[in-house]
Amino acid sequence: MTENELFELAMEARWGAYAPYSSYQVGAALITEDGSLYTGCNIENASYGAANCAERTAIFKAVSEGHRKIVMIAIAGGSGERTNYAYPCGICRQVMREFSDPEQLKVIVGDGRGELKIHTLEELLPESFGPDFME
Ligand code: THU
């Protein structure tokens, strides 16, 4: 699976978004170390703080099915037809930290017109705290 293909899956997952309050729809698609694929979308709530981001929906789906390491995650976000580089929020970066090797994990964002930016999690969350500190 290429970066472009994974980003396309994130674009498709956007259709599942439940975002009546922000009207900002986000989709995410990830690959685990054994090649399994999961997607997710943002899910908002009338009690705004109860919203869940697309990345965490996808990661929690994977973890709940027994996976513990993701190697690539793509994110597509925007309002309606207008998508642009949707960088993951701080909480999602920290959740990625728990279930990846930060130097290996590729985080892909796109402008919706075929232009991708690819970062490692280490670039997006340097000097981070993770499970290894708790050993
Ligand atoms: N959102 C995500 O799904 N992922 C992020 O990384 C940032 C924000 C969602 C949360 C909320 O439903 C909407 O985008 C606006 O913040």
# chains A, B, ... in the order shown; residues from 1 in each chain; ligands from 1
$ residues_near_ligand --ligand "ligand 1" --cutoff "8 Å" --atoms "only C-alpha atoms and all ligand atoms" --output "PyMOL selection string"
chain A and resi 18-19+21-27+41-44+51-56+75+77+86-92
$ write_last_selection --atoms "N, CA, C and O atoms" --output "CSV table (one decimal), in the first residue's frame"
chain,number,residue,atom,x,y,z
A,18,TYR,N,-19.0,12.4,11.8
A,18,TYR,CA,-20.2,13.0,12.4
A,18,TYR,C,-19.7,14.3,13.0
A,18,TYR,O,-19.1,14.3,14.1
A,19,ALA,N,-19.9,15.4,12.3
A,19,ALA,CA,-19.3,16.6,12.7
A,19,ALA,C,-20.3,17.8,12.5
A,19,ALA,O,-20.1,18.8,11.8
A,21,TYR,N,-21.3,20.0,14.6
A,21,TYR,CA,-21.0,21.2,15.3
A,21,TYR,C,-19.9,22.1,14.7
A,21,TYR,O,-20.0,23.3,14.6
A,22,SER,N,-18.8,21.4,14.3
A,22,SER,CA,-17.7,22.1,13.7
A,22,SER,C,-17.8,22.2,12.1
A,22,SER,O,-17.2,23.0,11.5
A,23,SER,N,-18.5,21.2,11.5
A,23,SER,CA,-18.6,21.1,10.1
A,23,SER,C,-17.2,20.9,9.5
A,23,SER,O,-16.9,21.2,8.4
A,24,TYR,N,-16.3,20.3,10.3
A,24,TYR,CA,-14.9,20.0,9.9
A,24,TYR,C,-14.8,18.5,9.9
A,24,TYR,O,-14.7,17.9,11.0
A,25,GLN,N,-14.8,17.9,8.7
A,25,GLN,CA,-14.9,16.4,8.6
A,25,GLN,C,-13.5,15.9,8.5
A,25,GLN,O,-12.7,16.3,7.6
A,26,VAL,N,-13.1,14.9,9.3
A,26,VAL,CA,-11.8,14.3,9.2
A,26,VAL,C,-11.9,12.8,9.0
A,26,VAL,O,-12.8,12.1,9.6
A,27,GLY,N,-11.0,12.2,8.2
A,27,GLY,CA,-10.9,10.8,8.0
A,27,GLY,C,-9.5,10.4,8.3
A,27,GLY,O,-8.5,11.2,8.0
A,41,CYS,N,-13.1,8.1,11.7
A,41,CYS,CA,-13.6,9.5,11.4
A,41,CYS,C,-13.8,10.2,12.7
A,41,CYS,O,-13.8,9.6,13.8
A,42,ASN,N,-13.9,11.5,12.6
A,42,ASN,CA,-14.2,12.2,13.9
A,42,ASN,C,-15.7,12.1,14.2
A,42,ASN,O,-16.5,12.0,13.3
A,43,ILE,N,-15.9,12.0,15.5
A,43,ILE,CA,-17.3,11.8,16.0
A,43,ILE,C,-17.5,12.8,17.1
A,43,ILE,O,-16.9,12.8,18.2
A,44,GLU,N,-18.4,13.8,16.8
A,44,GLU,CA,-18.6,14.9,17.8
A,44,GLU,C,-19.8,14.6,18.7
A,44,GLU,O,-20.4,13.6,18.6
A,51,ALA,N,-16.1,14.9,22.0
A,51,ALA,CA,-15.7,14.6,20.6
A,51,ALA,C,-14.5,13.7,20.6
A,51,ALA,O,-13.6,13.7,21.4
A,52,ASN,N,-14.5,12.8,19.6
A,52,ASN,CA,-13.3,12.0,19.3
A,52,ASN,C,-12.7,12.2,17.9
A,52,ASN,O,-13.5,12.3,17.0
A,53,CYS,N,-11.4,12.4,17.9
A,53,CYS,CA,-10.8,12.7,16.6
A,53,CYS,C,-10.7,11.4,15.7
A,53,CYS,O,-10.7,10.3,16.2
A,54,ALA,N,-10.6,11.6,14.4
A,54,ALA,CA,-10.5,10.5,13.4
A,54,ALA,C,-9.4,9.6,13.7
A,54,ALA,O,-9.5,8.4,13.6
A,55,GLU,N,-8.2,10.2,14.0
A,55,GLU,CA,-7.0,9.4,14.2
A,55,GLU,C,-7.2,8.4,15.4
A,55,GLU,O,-6.9,7.2,15.3
A,56,ARG,N,-7.8,9.0,16.5
A,56,ARG,CA,-8.0,8.1,17.7
A,56,ARG,C,-9.0,7.1,17.4
A,56,ARG,O,-8.9,6.0,17.9
A,75,ILE,N,-4.1,11.2,7.2
A,75,ILE,CA,-5.2,12.0,7.7
A,75,ILE,C,-5.7,13.0,6.6
A,75,ILE,O,-4.9,13.6,6.0
A,77,GLY,N,-8.6,16.1,6.1
A,77,GLY,CA,-9.6,16.9,6.9
A,77,GLY,C,-9.9,18.2,6.2
A,77,GLY,O,-9.1,18.7,5.4
A,86,ALA,N,-4.3,18.5,7.1
A,86,ALA,CA,-4.9,18.3,8.4
A,86,ALA,C,-3.9,17.7,9.4
A,86,ALA,O,-3.9,16.4,9.5
A,87,TYR,N,-3.1,18.5,10.0
A,87,TYR,CA,-2.1,17.9,11.0
A,87,TYR,C,-2.8,17.4,12.2
A,87,TYR,O,-3.8,18.0,12.7
A,88,PRO,N,-2.3,16.3,12.8
A,88,PRO,CA,-3.0,15.7,13.9
A,88,PRO,C,-2.8,16.6,15.2
A,88,PRO,O,-1.8,17.2,15.4
A,89,CYS,N,-3.9,16.6,16.0
A,89,CYS,CA,-3.8,17.4,17.2
A,89,CYS,C,-2.8,16.8,18.2
A,89,CYS,O,-2.4,15.6,18.0
A,90,GLY,N,-2.5,17.5,19.3
A,90,GLY,CA,-1.6,17.0,20.2
A,90,GLY,C,-2.0,15.8,21.0
A,90,GLY,O,-1.1,14.9,21.2
A,91,ILE,N,-3.2,15.6,21.2
A,91,ILE,CA,-3.7,14.4,21.9
A,91,ILE,C,-3.5,13.2,21.0
A,91,ILE,O,-3.0,12.1,21.5
A,92,CYS,N,-3.8,13.4,19.7
A,92,CYS,CA,-3.7,12.2,18.8
A,92,CYS,C,-2.2,11.9,18.6
A,92,CYS,O,-1.8,10.7,18.5
$ closest_atom_pairs --of "range 14-73 of chain A" --to "range 117-122 of chain A" --cutoff "10 Å" --atoms "only C-alpha atoms" --output "JSON lines"
{"residue": "A:Val71", "atom": "CA", "partner": "A:Thr120", "partner_atom": "CA", "distance": 9.8}
{"residue": "A:Met72", "atom": "CA", "partner": "A:Thr120", "partner_atom": "CA", "distance": 9.1}
{"residue": "A:Ile73", "atom": "CA", "partner": "A:Ile118", "partner_atom": "CA", "distance": 9.8}
$ residues_around --residues "Lys69 in chain A" --least-positions-apart "3" --cutoff "12 Å" --atoms "only C-alpha atoms" --output "PyMOL selection string"
chain A and resi 30-37+59-60+62-63+65-66+72-73+95-102+104-105
$ closest_residue --among "A:Leu124, A:Ala46, A:Met11, A:Met134" --to "Lys106 in chain A" --atoms "only C-alpha atoms"
A:Leu124
$ select_by_dssp --residues "chain A" --states "alpha helix (DSSP H)" --output "tab-separated table (two decimals) with all heavy atoms, in the first residue's frame"
chain	number	residue	atom	x	y	z
A	3	GLU	N	1.68	5.49	0.03
A	3	GLU	CA	1.21	6.64	0.81
A	3	GLU	C	-0.05	7.24	0.16
A	3	GLU	O	-0.99	7.61	0.85
A	3	GLU	CB	2.30	7.72	0.89
A	3	GLU	CG	3.44	7.40	1.82
A	3	GLU	CD	4.59	6.70	1.12
A	3	GLU	OE1	4.46	6.36	-0.08
A	3	GLU	OE2	5.63	6.50	1.78
A	4	ASN	N	-0.04	7.33	-1.17
A	4	ASN	CA	-1.20	7.89	-1.88
A	4	ASN	C	-2.44	7.05	-1.69
A	4	ASN	O	-3.54	7.58	-1.52
A	4	ASN	CB	-0.89	8.05	-3.37
A	4	ASN	CG	-0.14	9.33	-3.65
A	4	ASN	OD1	-0.68	10.42	-3.50
A	4	ASN	ND2	1.12	9.21	-4.01
A	5	GLU	N	-2.28	5.72	-1.73
A	5	GLU	CA	-3.43	4.83	-1.55
A	5	GLU	C	-4.00	4.95	-0.13
A	5	GLU	O	-5.22	4.97	0.06
A	5	GLU	CB	-3.03	3.37	-1.85
A	5	GLU	CG	-2.84	3.10	-3.33
A	5	GLU	CD	-2.15	1.78	-3.62
A	5	GLU	OE1	-1.49	1.23	-2.71
A	5	GLU	OE2	-2.26	1.31	-4.75
A	6	LEU	N	-3.10	5.04	0.85
A	6	LEU	CA	-3.58	5.16	2.23
A	6	LEU	C	-4.31	6.49	2.42
A	6	LEU	O	-5.34	6.57	3.09
A	6	LEU	CB	-2.41	5.03	3.23
A	6	LEU	CG	-2.84	4.79	4.68
A	6	LEU	CD1	-3.49	3.40	4.82
A	6	LEU	CD2	-1.68	4.93	5.64
A	7	PHE	N	-3.76	7.55	1.79
A	7	PHE	CA	-4.43	8.85	1.88
A	7	PHE	C	-5.82	8.80	1.24
A	7	PHE	O	-6.77	9.40	1.76
A	7	PHE	CB	-3.58	9.96	1.25
A	7	PHE	CG	-4.18	11.32	1.43
A	7	PHE	CD1	-4.13	11.96	2.66
A	7	PHE	CD2	-4.83	11.96	0.38
A	7	PHE	CE1	-4.71	13.20	2.85
A	7	PHE	CE2	-5.43	13.21	0.56
A	7	PHE	CZ	-5.37	13.83	1.80
A	8	GLU	N	-5.95	8.07	0.13
A	8	GLU	CA	-7.27	7.92	-0.50
A	8	GLU	C	-8.26	7.24	0.44
A	8	GLU	O	-9.44	7.61	0.49
A	8	GLU	CB	-7.15	7.12	-1.81
A	8	GLU	CG	-6.70	7.95	-2.99
A	8	GLU	CD	-7.53	9.24	-3.15
A	8	GLU	OE1	-8.77	9.16	-3.19
A	8	GLU	OE2	-6.92	10.32	-3.23
A	9	LEU	N	-7.78	6.25	1.20
A	9	LEU	CA	-8.66	5.58	2.18
A	9	LEU	C	-9.08	6.56	3.28
A	9	LEU	O	-10.22	6.53	3.76
A	9	LEU	CB	-7.94	4.37	2.81
A	9	LEU	CG	-7.72	3.17	1.90
A	9	LEU	CD1	-7.03	2.05	2.68
A	9	LEU	CD2	-9.05	2.66	1.34
A	10	ALA	N	-8.17	7.46	3.65
A	10	ALA	CA	-8.51	8.48	4.66
A	10	ALA	C	-9.58	9.43	4.09
A	10	ALA	O	-10.53	9.82	4.80
A	10	ALA	CB	-7.26	9.26	5.07
A	11	MET	N	-9.44	9.79	2.81
A	11	MET	CA	-10.44	10.65	2.16
A	11	MET	C	-11.81	9.97	2.17
A	11	MET	O	-12.84	10.60	2.43
A	11	MET	CB	-10.03	10.98	0.73
A	11	MET	CG	-8.89	11.97	0.60
A	11	MET	SD	-9.37	13.67	1.04
A	11	MET	CE	-10.04	14.25	-0.50
A	12	GLU	N	-11.83	8.67	1.89
A	12	GLU	CA	-13.11	7.93	1.89
A	12	GLU	C	-13.70	7.86	3.29
A	12	GLU	O	-14.91	7.99	3.46
A	12	GLU	CB	-12.89	6.49	1.38
A	12	GLU	CG	-12.94	6.37	-0.12
A	12	GLU	CD	-12.55	4.98	-0.59
A	12	GLU	OE1	-12.92	3.99	0.07
A	12	GLU	OE2	-11.85	4.91	-1.61
A	13	ALA	N	-12.82	7.64	4.29
A	13	ALA	CA	-13.29	7.52	5.68
A	13	ALA	C	-13.93	8.82	6.17
A	13	ALA	O	-14.75	8.82	7.09
A	13	ALA	CB	-12.14	7.11	6.60
A	54	ALA	N	-10.60	11.63	14.39
A	54	ALA	CA	-10.54	10.54	13.42
A	54	ALA	C	-9.36	9.60	13.68
A	54	ALA	O	-9.50	8.38	13.61
A	54	ALA	CB	-10.42	11.12	12.01
A	55	GLU	N	-8.20	10.19	14.00
A	55	GLU	CA	-7.01	9.37	14.22
A	55	GLU	C	-7.21	8.43	15.40
A	55	GLU	O	-6.88	7.25	15.35
A	55	GLU	CB	-5.78	10.26	14.52
A	55	GLU	CG	-5.43	11.23	13.43
A	55	GLU	CD	-6.11	12.58	13.60
A	55	GLU	OE1	-7.33	12.62	13.87
A	55	GLU	OE2	-5.42	13.60	13.45
A	56	ARG	N	-7.78	8.98	16.48
A	56	ARG	CA	-7.97	8.13	17.66
A	56	ARG	C	-9.05	7.08	17.40
A	56	ARG	O	-8.94	5.96	17.90
A	56	ARG	CB	-8.29	8.97	18.89
A	56	ARG	CG	-7.00	9.45	19.57
A	56	ARG	CD	-7.29	10.34	20.75
A	56	ARG	NE	-7.77	11.63	20.31
A	56	ARG	CZ	-8.63	12.39	20.97
A	56	ARG	NH1	-9.14	11.96	22.10
A	56	ARG	NH2	-8.96	13.57	20.49
A	57	THR	N	-10.07	7.42	16.63
A	57	THR	CA	-11.07	6.39	16.29
A	57	THR	C	-10.37	5.23	15.59
A	57	THR	O	-10.58	4.06	15.95
A	57	THR	CB	-12.16	6.99	15.38
A	57	THR	OG1	-12.78	8.08	16.05
A	57	THR	CG2	-13.22	5.95	15.05
A	58	ALA	N	-9.54	5.53	14.60
A	58	ALA	CA	-8.85	4.46	13.84
A	58	ALA	C	-7.89	3.68	14.74
A	58	ALA	O	-7.84	2.45	14.70
A	58	ALA	CB	-8.10	5.07	12.65
A	59	ILE	N	-7.11	4.41	15.55
A	59	ILE	CA	-6.13	3.72	16.42
A	59	ILE	C	-6.85	2.85	17.44
A	59	ILE	O	-6.45	1.70	17.68
A	59	ILE	CB	-5.20	4.75	17.12
A	59	ILE	CG1	-4.33	5.47	16.08
A	59	ILE	CG2	-4.33	4.06	18.17
A	59	ILE	CD1	-3.59	6.70	16.62
A	60	PHE	N	-7.93	3.36	18.03
A	60	PHE	CA	-8.62	2.57	19.05
A	60	PHE	C	-9.30	1.35	18.43
A	60	PHE	O	-9.38	0.29	19.07
A	60	PHE	CB	-9.63	3.44	19.81
A	60	PHE	CG	-8.98	4.52	20.67
A	60	PHE	CD1	-9.69	5.65	21.05
A	60	PHE	CD2	-7.68	4.39	21.11
A	60	PHE	CE1	-9.12	6.64	21.83
A	60	PHE	CE2	-7.08	5.38	21.90
A	60	PHE	CZ	-7.81	6.51	22.26
A	61	LYS	N	-9.76	1.49	17.20
A	61	LYS	CA	-10.30	0.30	16.51
A	61	LYS	C	-9.21	-0.76	16.37
A	61	LYS	O	-9.44	-1.95	16.66
A	61	LYS	CB	-10.86	0.68	15.13
A	61	LYS	CG	-12.24	1.34	15.19
A	61	LYS	CD	-12.63	1.97	13.86
A	61	LYS	CE	-12.94	0.98	12.76
A	61	LYS	NZ	-13.40	1.68	11.52
A	62	ALA	N	-8.04	-0.34	15.94
A	62	ALA	CA	-6.93	-1.30	15.74
A	62	ALA	C	-6.51	-1.93	17.07
A	62	ALA	O	-6.35	-3.15	17.16
A	62	ALA	CB	-5.74	-0.58	15.09
A	63	VAL	N	-6.35	-1.10	18.09
A	63	VAL	CA	-5.90	-1.62	19.39
A	63	VAL	C	-6.94	-2.57	19.98
A	63	VAL	O	-6.60	-3.61	20.54
A	63	VAL	CB	-5.56	-0.46	20.35
A	63	VAL	CG1	-5.28	-0.97	21.77
A	63	VAL	CG2	-4.36	0.33	19.83
A	64	SER	N	-8.20	-2.23	19.79
A	64	SER	CA	-9.27	-3.07	20.35
A	64	SER	C	-9.35	-4.43	19.64
A	64	SER	O	-9.95	-5.37	20.16
A	64	SER	CB	-10.62	-2.35	20.28
A	64	SER	OG	-11.06	-2.25	18.95
A	90	GLY	N	-2.54	17.50	19.26
A	90	GLY	CA	-1.56	17.05	20.25
A	90	GLY	C	-1.95	15.76	20.95
A	90	GLY	O	-1.10	14.89	21.21
A	91	ILE	N	-3.23	15.62	21.25
A	91	ILE	CA	-3.67	14.41	21.95
A	91	ILE	C	-3.49	13.20	21.03
A	91	ILE	O	-3.00	12.14	21.45
A	91	ILE	CB	-5.14	14.53	22.40
A	91	ILE	CG1	-5.28	15.66	23.42
A	91	ILE	CG2	-5.63	13.22	23.01
A	91	ILE	CD1	-6.73	15.98	23.80
A	92	CYS	N	-3.83	13.35	19.75
A	92	CYS	CA	-3.67	12.24	18.80
A	92	CYS	C	-2.19	11.89	18.61
A	92	CYS	O	-1.83	10.71	18.49
A	92	CYS	CB	-4.34	12.56	17.48
A	92	CYS	SG	-6.14	12.54	17.60
A	93	ARG	N	-1.32	12.91	18.59
A	93	ARG	CA	0.11	12.63	18.48
A	93	ARG	C	0.58	11.79	19.66
A	93	ARG	O	1.37	10.85	19.51
A	93	ARG	CB	0.91	13.94	18.41
A	93	ARG	CG	0.65	14.70	17.14
A	93	ARG	CD	1.40	16.03	17.06
A	93	ARG	NE	0.81	16.85	16.00
A	93	ARG	CZ	1.43	17.82	15.35
A	93	ARG	NH1	2.68	18.12	15.64
A	93	ARG	NH2	0.81	18.50	14.41
A	94	GLN	N	0.09	12.11	20.85
A	94	GLN	CA	0.48	11.36	22.04
A	94	GLN	C	-0.06	9.92	21.98
A	94	GLN	O	0.63	8.98	22.39
A	94	GLN	CB	-0.01	12.06	23.30
A	94	GLN	CG	0.44	11.40	24.60
A	94	GLN	CD	1.96	11.41	24.78
A	94	GLN	OE1	2.64	12.35	24.37
A	94	GLN	NE2	2.49	10.35	25.36
A	95	VAL	N	-1.27	9.74	21.47
A	95	VAL	CA	-1.83	8.39	21.34
A	95	VAL	C	-1.02	7.60	20.30
A	95	VAL	O	-0.73	6.41	20.50
A	95	VAL	CB	-3.33	8.44	21.00
A	95	VAL	CG1	-3.88	7.05	20.68
A	95	VAL	CG2	-4.11	9.04	22.18
A	96	MET	N	-0.60	8.27	19.21
A	96	MET	CA	0.27	7.60	18.24
A	96	MET	C	1.57	7.15	18.89
A	96	MET	O	2.10	6.08	18.60
A	96	MET	CB	0.61	8.55	17.08
A	96	MET	CG	-0.54	8.88	16.17
A	96	MET	SD	-0.02	10.14	14.97
A	96	MET	CE	-1.62	10.73	14.42
A	97	ARG	N	2.08	7.99	19.80
A	97	ARG	CA	3.34	7.70	20.50
A	97	ARG	C	3.28	6.38	21.26
A	97	ARG	O	4.24	5.63	21.35
A	97	ARG	CB	3.66	8.86	21.46
A	97	ARG	CG	4.81	8.62	22.40
A	97	ARG	CD	6.13	8.58	21.66
A	97	ARG	NE	7.27	8.64	22.56
A	97	ARG	CZ	7.85	7.57	23.13
A	97	ARG	NH1	7.38	6.37	22.90
A	97	ARG	NH2	8.89	7.71	23.93
A	98	GLU	N	2.09	6.11	21.81
A	98	GLU	CA	1.90	4.89	22.61
A	98	GLU	C	2.00	3.63	21.75
A	98	GLU	O	2.46	2.60	22.23
A	98	GLU	CB	0.52	4.95	23.29
A	98	GLU	CG	0.26	3.87	24.31
A	98	GLU	CD	1.02	4.07	25.62
A	98	GLU	OE1	1.46	5.22	25.89
A	98	GLU	OE2	1.18	3.09	26.36
A	121	LEU	N	6.66	10.56	13.17
A	121	LEU	CA	6.06	11.07	14.40
A	121	LEU	C	7.11	11.82	15.21
A	121	LEU	O	6.80	12.81	15.88
A	121	LEU	CB	5.45	9.93	15.23
A	121	LEU	CG	4.80	10.38	16.54
A	121	LEU	CD1	3.66	11.35	16.29
A	121	LEU	CD2	4.33	9.18	17.35
A	122	GLU	N	8.37	11.37	15.13
A	122	GLU	CA	9.45	12.05	15.87
A	122	GLU	C	9.53	13.53	15.47
A	122	GLU	O	9.79	14.38	16.32
A	122	GLU	CB	10.78	11.34	15.61
A	122	GLU	CG	11.97	11.93	16.34
A	122	GLU	CD	11.88	11.84	17.85
A	122	GLU	OE1	11.22	10.92	18.36
A	122	GLU	OE2	12.47	12.72	18.53
A	123	GLU	N	9.28	13.82	14.21
A	123	GLU	CA	9.31	15.22	13.76
A	123	GLU	C	8.15	16.02	14.35
A	123	GLU	O	8.28	17.20	14.65
A	123	GLU	CB	9.22	15.30	12.23
A	123	GLU	CG	10.49	14.86	11.52
A	123	GLU	CD	10.28	14.67	10.02
A	123	GLU	OE1	9.13	14.67	9.54
A	123	GLU	OE2	11.30	14.51	9.34
A	124	LEU	N	7.00	15.36	14.49
A	124	LEU	CA	5.78	16.05	14.94
A	124	LEU	C	5.67	16.11	16.46
A	124	LEU	O	4.93	16.93	17.00
A	124	LEU	CB	4.54	15.38	14.36
A	124	LEU	CG	4.43	15.32	12.83
A	124	LEU	CD1	3.12	14.65	12.42
A	124	LEU	CD2	4.51	16.73	12.23
$ atom_distance --atom1 "CA of Arg82 in chain A" --atom2 "CA of Ile70 in chain A"
28.0 Å
$ closest_residue --among "A:Leu116, A:Pro20, A:Glu103, A:Arg14" --to "Tyr48 in chain A" --atoms "only C-alpha atoms"
A:Pro20
$ select_by_dssp --residues "range 31-84 of chain A" --states "strand (DSSP E or B)" --output "list in words"
Ile31, Thr32, Leu37, Tyr38, Thr39, Gly40, Cys41, Ile43, Asn52, Ile70, Val71, Met72, Ile73, Ala74, Ile75, Ala76, Gly77, Gly78, Ser79, Arg82, Thr83 and Asn84 of chain A
$ atom_distance --atom1 "CA of Gly112 in chain A" --atom2 "CA of Gly78 in chain A"
9.0 Å
$ closest_residue --among "A:Gly110, A:Met1, A:Gly16, A:Thr83" --to "Thr39 in chain A" --atoms "only C-alpha atoms"
A:Gly16
$ atom_distance --atom1 "CA of Phe133 in chain A" --atom2 "CA of Ala74 in chain A"
27.0 Å
$ decode --residues "range 62-78 of chain A" --atoms "N, CA and C atoms" --output "PDB file, in the first residue's frame"
ATOM      1  N   ALA A  62      -8.038  -0.344  15.936  1.00  0.00           N
ATOM      2  CA  ALA A  62      -6.929  -1.296  15.740  1.00  0.00           C
ATOM      3  C   ALA A  62      -6.509  -1.931  17.066  1.00  0.00           C
ATOM      4  N   VAL A  63      -6.350  -1.103  18.090  1.00  0.00           N
ATOM      5  CA  VAL A  63      -5.896  -1.622  19.392  1.00  0.00           C
ATOM      6  C   VAL A  63      -6.938  -2.566  19.981  1.00  0.00           C
ATOM      7  N   SER A  64      -8.201  -2.228  19.794  1.00  0.00           N
ATOM      8  CA  SER A  64      -9.273  -3.073  20.347  1.00  0.00           C
ATOM      9  C   SER A  64      -9.349  -4.426  19.643  1.00  0.00           C
ATOM     10  N   GLU A  65      -8.721  -4.509  18.466  1.00  0.00           N
ATOM     11  CA  GLU A  65      -8.688  -5.789  17.736  1.00  0.00           C
ATOM     12  C   GLU A  65      -7.373  -6.513  17.961  1.00  0.00           C
ATOM     13  N   GLY A  66      -6.568  -6.020  18.906  1.00  0.00           N
ATOM     14  CA  GLY A  66      -5.360  -6.750  19.305  1.00  0.00           C
ATOM     15  C   GLY A  66      -4.050  -6.192  18.777  1.00  0.00           C
ATOM     16  N   HIS A  67      -4.096  -5.147  17.943  1.00  0.00           N
ATOM     17  CA  HIS A  67      -2.858  -4.590  17.387  1.00  0.00           C
ATOM     18  C   HIS A  67      -2.208  -3.632  18.384  1.00  0.00           C
ATOM     19  N   ARG A  68      -0.884  -3.576  18.332  1.00  0.00           N
ATOM     20  CA  ARG A  68      -0.152  -2.724  19.276  1.00  0.00           C
ATOM     21  C   ARG A  68       0.847  -1.804  18.595  1.00  0.00           C
ATOM     22  N   LYS A  69       1.054  -1.962  17.274  1.00  0.00           N
ATOM     23  CA  LYS A  69       2.018  -1.081  16.598  1.00  0.00           C
ATOM     24  C   LYS A  69       1.509  -0.669  15.230  1.00  0.00           C
ATOM     25  N   ILE A  70       1.458   0.658  15.011  1.00  0.00           N
ATOM     26  CA  ILE A  70       1.093   1.157  13.693  1.00  0.00           C
ATOM     27  C   ILE A  70       2.354   1.691  13.012  1.00  0.00           C
ATOM     28  N   VAL A  71       2.388   1.573  11.683  1.00  0.00           N
ATOM     29  CA  VAL A  71       3.601   1.975  10.960  1.00  0.00           C
ATOM     30  C   VAL A  71       3.350   3.142   9.999  1.00  0.00           C
ATOM     31  N   MET A  72       2.075   3.376   9.663  1.00  0.00           N
ATOM     32  CA  MET A  72       1.756   4.482   8.747  1.00  0.00           C
ATOM     33  C   MET A  72       0.323   4.928   9.026  1.00  0.00           C
ATOM     34  N   ILE A  73       0.112   6.252   9.051  1.00  0.00           N
ATOM     35  CA  ILE A  73      -1.252   6.764   9.245  1.00  0.00           C
ATOM     36  C   ILE A  73      -1.434   7.981   8.347  1.00  0.00           C
ATOM     37  N   ALA A  74      -2.556   8.020   7.644  1.00  0.00           N
ATOM     38  CA  ALA A  74      -2.876   9.150   6.768  1.00  0.00           C
ATOM     39  C   ALA A  74      -4.107   9.855   7.311  1.00  0.00           C
ATOM     40  N   ILE A  75      -4.124  11.176   7.157  1.00  0.00           N
ATOM     41  CA  ILE A  75      -5.212  11.987   7.691  1.00  0.00           C
ATOM     42  C   ILE A  75      -5.693  12.951   6.615  1.00  0.00           C
ATOM     43  N   ALA A  76      -7.018  13.018   6.455  1.00  0.00           N
ATOM     44  CA  ALA A  76      -7.614  13.942   5.489  1.00  0.00           C
ATOM     45  C   ALA A  76      -8.677  14.749   6.234  1.00  0.00           C
ATOM     46  N   GLY A  77      -8.599  16.065   6.144  1.00  0.00           N
ATOM     47  CA  GLY A  77      -9.572  16.877   6.879  1.00  0.00           C
ATOM     48  C   GLY A  77      -9.892  18.177   6.179  1.00  0.00           C
ATOM     49  N   GLY A  78     -11.077  18.691   6.479  1.00  0.00           N
ATOM     50  CA  GLY A  78     -11.478  19.973   5.938  1.00  0.00           C
ATOM     51  C   GLY A  78     -12.976  20.161   6.077  1.00  0.00           C
TER      52      GLY A  78
END
